Amino acid sequence: MQNSVPNIVEINEVLVGINETSWQVKSYLGKGCFGAIVLAVNKKTGQEAALKTLEGISDLHRAGFLHRDIKPANFAIGLPPNCRQIYILDFGMSRKYLKKDGRHRRPRETAKFRGTPFYASPVALKEGEQARRDDVWAWFFMTIEFTVEKLPWDKTLYRGATLKEKLKDMAEDRQFYVENGDKLLSGCPKQFFLIYEHLNKLQYSDAPDYEAIIQAVKDIYSQESIDMNSPLQYEN
């Protein structure tokens, strides 16, 4: 399966085993945990990671798919000379959100949770139908972590004897932060509040304004006098 989209990892072949287990053969990318690399380096690298990861999510959405498990571990840095390229990968939880005629699917009343709870949106944690906005909320949480090195719920212990009970507790906590930007964005650049306000306005079938979000991140470069052409720290 050839891929002409630069921010999505290329799937070269799909193999099916004797027990009908499928395996995807993908392009070889850089080693190491993407999230750990970004957290260990400077602001310029963190903002560059924010831009490139959102571009990958946008490309996937334009192809008609949701990822539903946005987190640092599902991105990878390219090998030289493409080490500035960041690829989105792991599509095991992806779902097509467009019908064949191009219309948006209607939301199901309930949808089994898909994703990683630490980065999931309140809608996802409530086992609601995810949409493009939920992928971007997960991206936003990831970007906040890259910027201030932790999320407000980093040390929170959630109640509940079962996963369903814990998800309910997480959903209430996550909803609190989504409704209280000053708590969520403590220590973040002011441009993050523009992204926060935009995401809070999105309804189920709305398309996020990717370009406006990207511009908000780029404005941080100007505010902090960051040279966009300087080497990323992990390139040295």
# chains A, B, ... in the order shown; residues from 1 in each chain; ligands from 1
>>> closest_atom_pairs(of="range 202-227 of chain A", to="range 126-137 of chain A", cutoff="12 Å", atoms="only C-alpha atoms", output="JSON lines")
{"residue": "A:Leu202", "atom": "CA", "partner": "A:Arg133", "partner_atom": "CA", "distance": 6.7}
{"residue": "A:Gln203", "atom": "CA", "partner": "A:Arg133", "partner_atom": "CA", "distance": 7.9}
{"residue": "A:Tyr204", "atom": "CA", "partner": "A:Ala131", "partner_atom": "CA", "distance": 6.0}
{"residue": "A:Ser205", "atom": "CA", "partner": "A:Ala131", "partner_atom": "CA", "distance": 6.7}
{"residue": "A:Asp206", "atom": "CA", "partner": "A:Arg133", "partner_atom": "CA", "distance": 7.5}
{"residue": "A:Ala207", "atom": "CA", "partner": "A:Arg132", "partner_atom": "CA", "distance": 6.6}
{"residue": "A:Pro208", "atom": "CA", "partner": "A:Arg133", "partner_atom": "CA", "distance": 6.3}
{"residue": "A:Asp209", "atom": "CA", "partner": "A:Arg133", "partner_atom": "CA", "distance": 9.9}
{"residue": "A:Tyr210", "atom": "CA", "partner": "A:Val136", "partner_atom": "CA", "distance": 9.1}
{"residue": "A:Ile213", "atom": "CA", "partner": "A:Val136", "partner_atom": "CA", "distance": 9.9}
{"residue": "A:Ile214", "atom": "CA", "partner": "A:Val136", "partner_atom": "CA", "distance": 11.8}
>>> write_last_selection(atoms="C-alpha atoms", output="compact mmCIF listing (two decimals), in the first residue's frame")
# COMPACT_ATOMS: atom_id res chain seq x y z
CA LEU A 202 -16.31 22.15 18.28
CA GLN A 203 -19.39 19.98 17.91
CA TYR A 204 -19.35 16.30 16.95
CA SER A 205 -19.10 16.63 13.17
CA ASP A 206 -17.16 19.92 13.06
CA ALA A 207 -13.77 19.99 11.36
CA PRO A 208 -11.04 21.50 13.56
CA ASP A 209 -9.35 24.56 12.08
CA TYR A 210 -5.95 22.90 11.73
CA ILE A 213 -4.05 25.85 15.43
CA ILE A 214 -0.78 25.53 13.50
>>> residues_around(residues="Thr53 in chain A", least_positions_apart="2", cutoff="8 Å", atoms="only C-alpha atoms", output="VMD selection string")
chain A and resid 7 49 to 51 55 to 57 75 86 to 88 139
>>> select_by_dssp(residues="range 29-179 of chain A", states="strand (DSSP E)", output="ChimeraX atom specification")
/A:65-66,75-77,86-88,95-96
>>> residues_around(residues="Arg95 in chain A", least_positions_apart="6", cutoff="10 Å", atoms="only C-alpha atoms", output="PyMOL selection string")
chain A and resi 64-68+130-131
>>> closest_residue(among="A:Pro72, A:Gly102, A:Gly115, A:Gly160", to="Phe140 in chain A", atoms="only C-alpha atoms")
A:Pro72
>>> atom_distance(atom1="CA of Val217 in chain A", atom2="CA of Glu179 in chain A")
21.4 Å
>>> closest_residue(among="A:Asp182, A:Glu48, A:Asp101, A:Phe118", to="Asp219 in chain A", atoms="only C-alpha atoms")
A:Glu48
>>> select_by_dssp(residues="range 32-229 of chain A", states="helix (DSSP H, G or I)", output="VMD selection string")
chain A and resid 34 to 39 43 to 62 72 to 74 117 to 119 122 to 125 132 to 148 163 to 179 181 to 184 191 to 201 210 to 223
>>> write_last_selection(atoms="C-alpha atoms", output="mmCIF file, in the first residue's frame")
data_model
loop_
_atom_site.group_PDB
_atom_site.id
_atom_site.type_symbol
_atom_site.label_atom_id
_atom_site.label_comp_id
_atom_site.auth_asym_id
_atom_site.auth_seq_id
_atom_site.Cartn_x
_atom_site.Cartn_y
_atom_site.Cartn_z
ATOM 1 C CA PHE A 34 9.411 9.807 20.630
ATOM 2 C CA GLY A 35 7.834 11.219 23.787
ATOM 3 C CA ALA A 36 10.961 10.731 25.885
ATOM 4 C CA ILE A 37 13.082 12.417 23.207
ATOM 5 C CA VAL A 38 10.821 15.470 23.032
ATOM 6 C CA LEU A 39 10.468 15.811 26.812
ATOM 7 C CA LYS A 43 11.156 24.330 23.646
ATOM 8 C CA LYS A 44 11.968 24.705 19.961
ATOM 9 C CA THR A 45 11.963 20.924 19.528
ATOM 10 C CA GLY A 46 8.741 20.621 21.530
ATOM 11 C CA GLN A 47 6.947 23.170 19.362
ATOM 12 C CA GLU A 48 8.275 21.567 16.184
ATOM 13 C CA ALA A 49 6.936 18.236 17.446
ATOM 14 C CA ALA A 50 3.550 19.867 18.056
ATOM 15 C CA LEU A 51 3.422 21.146 14.468
ATOM 16 C CA LYS A 52 4.507 17.913 12.810
ATOM 17 C CA THR A 53 2.249 15.660 14.864
ATOM 18 C CA LEU A 54 -0.787 17.840 14.141
ATOM 19 C CA GLU A 55 0.038 17.757 10.431
ATOM 20 C CA GLY A 56 -0.036 13.959 10.591
ATOM 21 C CA ILE A 57 -3.386 13.954 12.371
ATOM 22 C CA SER A 58 -4.780 16.429 9.841
ATOM 23 C CA ASP A 59 -3.594 14.240 6.952
ATOM 24 C CA LEU A 60 -5.278 11.198 8.487
ATOM 25 C CA HIS A 61 -8.533 13.102 9.000
ATOM 26 C CA ARG A 62 -8.504 14.346 5.409
ATOM 27 C CA PRO A 72 3.637 10.155 22.040
ATOM 28 C CA ALA A 73 4.269 6.431 21.581
ATOM 29 C CA ASN A 74 2.277 6.481 18.340
ATOM 30 C CA PRO A 117 -6.876 7.020 29.098
ATOM 31 C CA PHE A 118 -4.045 9.386 30.061
ATOM 32 C CA TYR A 119 -4.418 11.381 26.813
ATOM 33 C CA PRO A 122 -13.772 13.462 28.179
ATOM 34 C CA VAL A 123 -16.024 12.195 25.361
ATOM 35 C CA ALA A 124 -13.782 9.182 24.792
ATOM 36 C CA LEU A 125 -13.577 8.431 28.527
ATOM 37 C CA ARG A 132 -11.944 14.644 14.849
ATOM 38 C CA ARG A 133 -12.105 17.001 17.810
ATOM 39 C CA ASP A 134 -11.236 14.129 20.177
ATOM 40 C CA ASP A 135 -8.059 13.294 18.265
ATOM 41 C CA VAL A 136 -7.086 16.956 18.481
ATOM 42 C CA TRP A 137 -7.892 17.152 22.196
ATOM 43 C CA ALA A 138 -5.549 14.188 22.742
ATOM 44 C CA TRP A 139 -2.924 15.984 20.620
ATOM 45 C CA PHE A 140 -3.422 19.123 22.725
ATOM 46 C CA PHE A 141 -2.918 17.227 25.979
ATOM 47 C CA MET A 142 0.236 15.679 24.508
ATOM 48 C CA THR A 143 1.467 19.125 23.424
ATOM 49 C CA ILE A 144 0.834 20.581 26.878
ATOM 50 C CA GLU A 145 2.930 17.759 28.303
ATOM 51 C CA PHE A 146 5.732 18.527 25.834
ATOM 52 C CA THR A 147 5.597 22.189 26.878
ATOM 53 C CA VAL A 148 5.414 22.057 30.696
ATOM 54 C CA LEU A 163 -12.002 -0.225 34.200
ATOM 55 C CA LYS A 164 -15.485 1.182 33.579
ATOM 56 C CA GLU A 165 -15.576 2.754 37.048
ATOM 57 C CA LYS A 166 -12.088 4.199 36.614
ATOM 58 C CA LEU A 167 -12.998 5.614 33.204
ATOM 59 C CA LYS A 168 -16.000 7.339 34.787
ATOM 60 C CA ASP A 169 -13.772 8.903 37.444
ATOM 61 C CA MET A 170 -11.219 9.942 34.810
ATOM 62 C CA ALA A 171 -13.960 11.442 32.633
ATOM 63 C CA GLU A 172 -15.185 13.657 35.479
ATOM 64 C CA ASP A 173 -11.639 14.808 36.217
ATOM 65 C CA ARG A 174 -10.820 15.433 32.548
ATOM 66 C CA GLN A 175 -14.080 17.355 32.083
ATOM 67 C CA PHE A 176 -13.097 19.630 34.963
ATOM 68 C CA TYR A 177 -9.856 20.591 33.218
ATOM 69 C CA VAL A 178 -11.543 20.987 29.837
ATOM 70 C CA GLU A 179 -13.939 23.446 31.475
ATOM 71 C CA GLY A 181 -8.512 26.439 31.053
ATOM 72 C CA ASP A 182 -6.533 28.254 33.752
ATOM 73 C CA LYS A 183 -6.018 24.937 35.541
ATOM 74 C CA LEU A 184 -5.260 22.959 32.384
ATOM 75 C CA GLN A 191 -1.419 31.006 22.360
ATOM 76 C CA PHE A 192 -2.555 27.745 23.942
ATOM 77 C CA PHE A 193 -5.654 29.530 25.223
ATOM 78 C CA LEU A 194 -6.674 30.258 21.615
ATOM 79 C CA ILE A 195 -6.407 26.551 20.805
ATOM 80 C CA TYR A 196 -8.298 25.686 23.989
ATOM 81 C CA GLU A 197 -11.164 28.047 23.164
ATOM 82 C CA HIS A 198 -11.394 26.723 19.610
ATOM 83 C CA LEU A 199 -11.537 23.075 20.692
ATOM 84 C CA ASN A 200 -14.229 23.811 23.258
ATOM 85 C CA LYS A 201 -16.488 25.210 20.529
ATOM 86 C CA TYR A 210 -5.951 22.896 11.727
ATOM 87 C CA GLU A 211 -4.385 25.912 10.028
ATOM 88 C CA ALA A 212 -5.434 28.258 12.830
ATOM 89 C CA ILE A 213 -4.051 25.854 15.427
ATOM 90 C CA ILE A 214 -0.776 25.528 13.503
ATOM 91 C CA GLN A 215 -0.531 29.315 13.252
ATOM 92 C CA ALA A 216 -1.074 29.645 17.011
ATOM 93 C CA VAL A 217 1.862 27.292 17.607
ATOM 94 C CA LYS A 218 4.014 29.161 15.071
ATOM 95 C CA ASP A 219 3.239 32.435 16.840
ATOM 96 C CA ILE A 220 5.067 31.036 19.861
ATOM 97 C CA TYR A 221 8.248 31.009 17.772
ATOM 98 C CA SER A 222 7.902 34.747 17.157
ATOM 99 C CA GLN A 223 6.989 35.532 20.758
#
>>> decode(residues="range 144-155 of chain A", atoms="N, CA and C atoms", output="JSON list (two decimals), in the first residue's frame")
[["chain", "number", "residue", "atom", "x", "y", "z"],
["A", 144, "ILE", "N", 0.67, 19.95, 25.56],
["A", 144, "ILE", "CA", 0.83, 20.58, 26.88],
["A", 144, "ILE", "C", 1.93, 19.86, 27.66],
["A", 145, "GLU", "N", 1.91, 18.55, 27.61],
["A", 145, "GLU", "CA", 2.93, 17.76, 28.30],
["A", 145, "GLU", "C", 4.32, 18.06, 27.75],
["A", 146, "PHE", "N", 4.44, 18.18, 26.43],
["A", 146, "PHE", "CA", 5.73, 18.53, 25.83],
["A", 146, "PHE", "C", 6.22, 19.90, 26.32],
["A", 147, "THR", "N", 5.26, 20.80, 26.57],
["A", 147, "THR", "CA", 5.60, 22.19, 26.88],
["A", 147, "THR", "C", 5.96, 22.40, 28.34],
["A", 148, "VAL", "N", 5.17, 21.84, 29.26],
["A", 148, "VAL", "CA", 5.41, 22.06, 30.70],
["A", 148, "VAL", "C", 5.83, 20.77, 31.41],
["A", 149, "GLU", "N", 6.04, 19.71, 30.64],
["A", 149, "GLU", "CA", 6.61, 18.44, 31.10],
["A", 149, "GLU", "C", 5.66, 17.55, 31.89],
["A", 150, "LYS", "N", 4.45, 18.00, 32.14],
["A", 150, "LYS", "CA", 3.48, 17.12, 32.81],
["A", 150, "LYS", "C", 2.08, 17.67, 32.60],
["A", 151, "LEU", "N", 1.09, 16.80, 32.76],
["A", 151, "LEU", "CA", -0.31, 17.19, 32.71],
["A", 151, "LEU", "C", -0.85, 17.29, 34.13],
["A", 152, "PRO", "N", -1.92, 18.07, 34.35],
["A", 152, "PRO", "CA", -2.42, 18.26, 35.72],
["A", 152, "PRO", "C", -2.80, 16.96, 36.42],
["A", 153, "TRP", "N", -3.20, 15.94, 35.66],
["A", 153, "TRP", "CA", -3.62, 14.67, 36.26],
["A", 153, "TRP", "C", -2.48, 13.64, 36.32],
["A", 154, "ASP", "N", -1.26, 14.10, 36.16],
["A", 154, "ASP", "CA", -0.11, 13.21, 36.08],
["A", 154, "ASP", "C", 0.00, 12.26, 37.29],
["A", 155, "LYS", "N", -0.27, 12.77, 38.49],
["A", 155, "LYS", "CA", -0.11, 11.97, 39.71],
["A", 155, "LYS", "C", -1.44, 11.53, 40.31]]
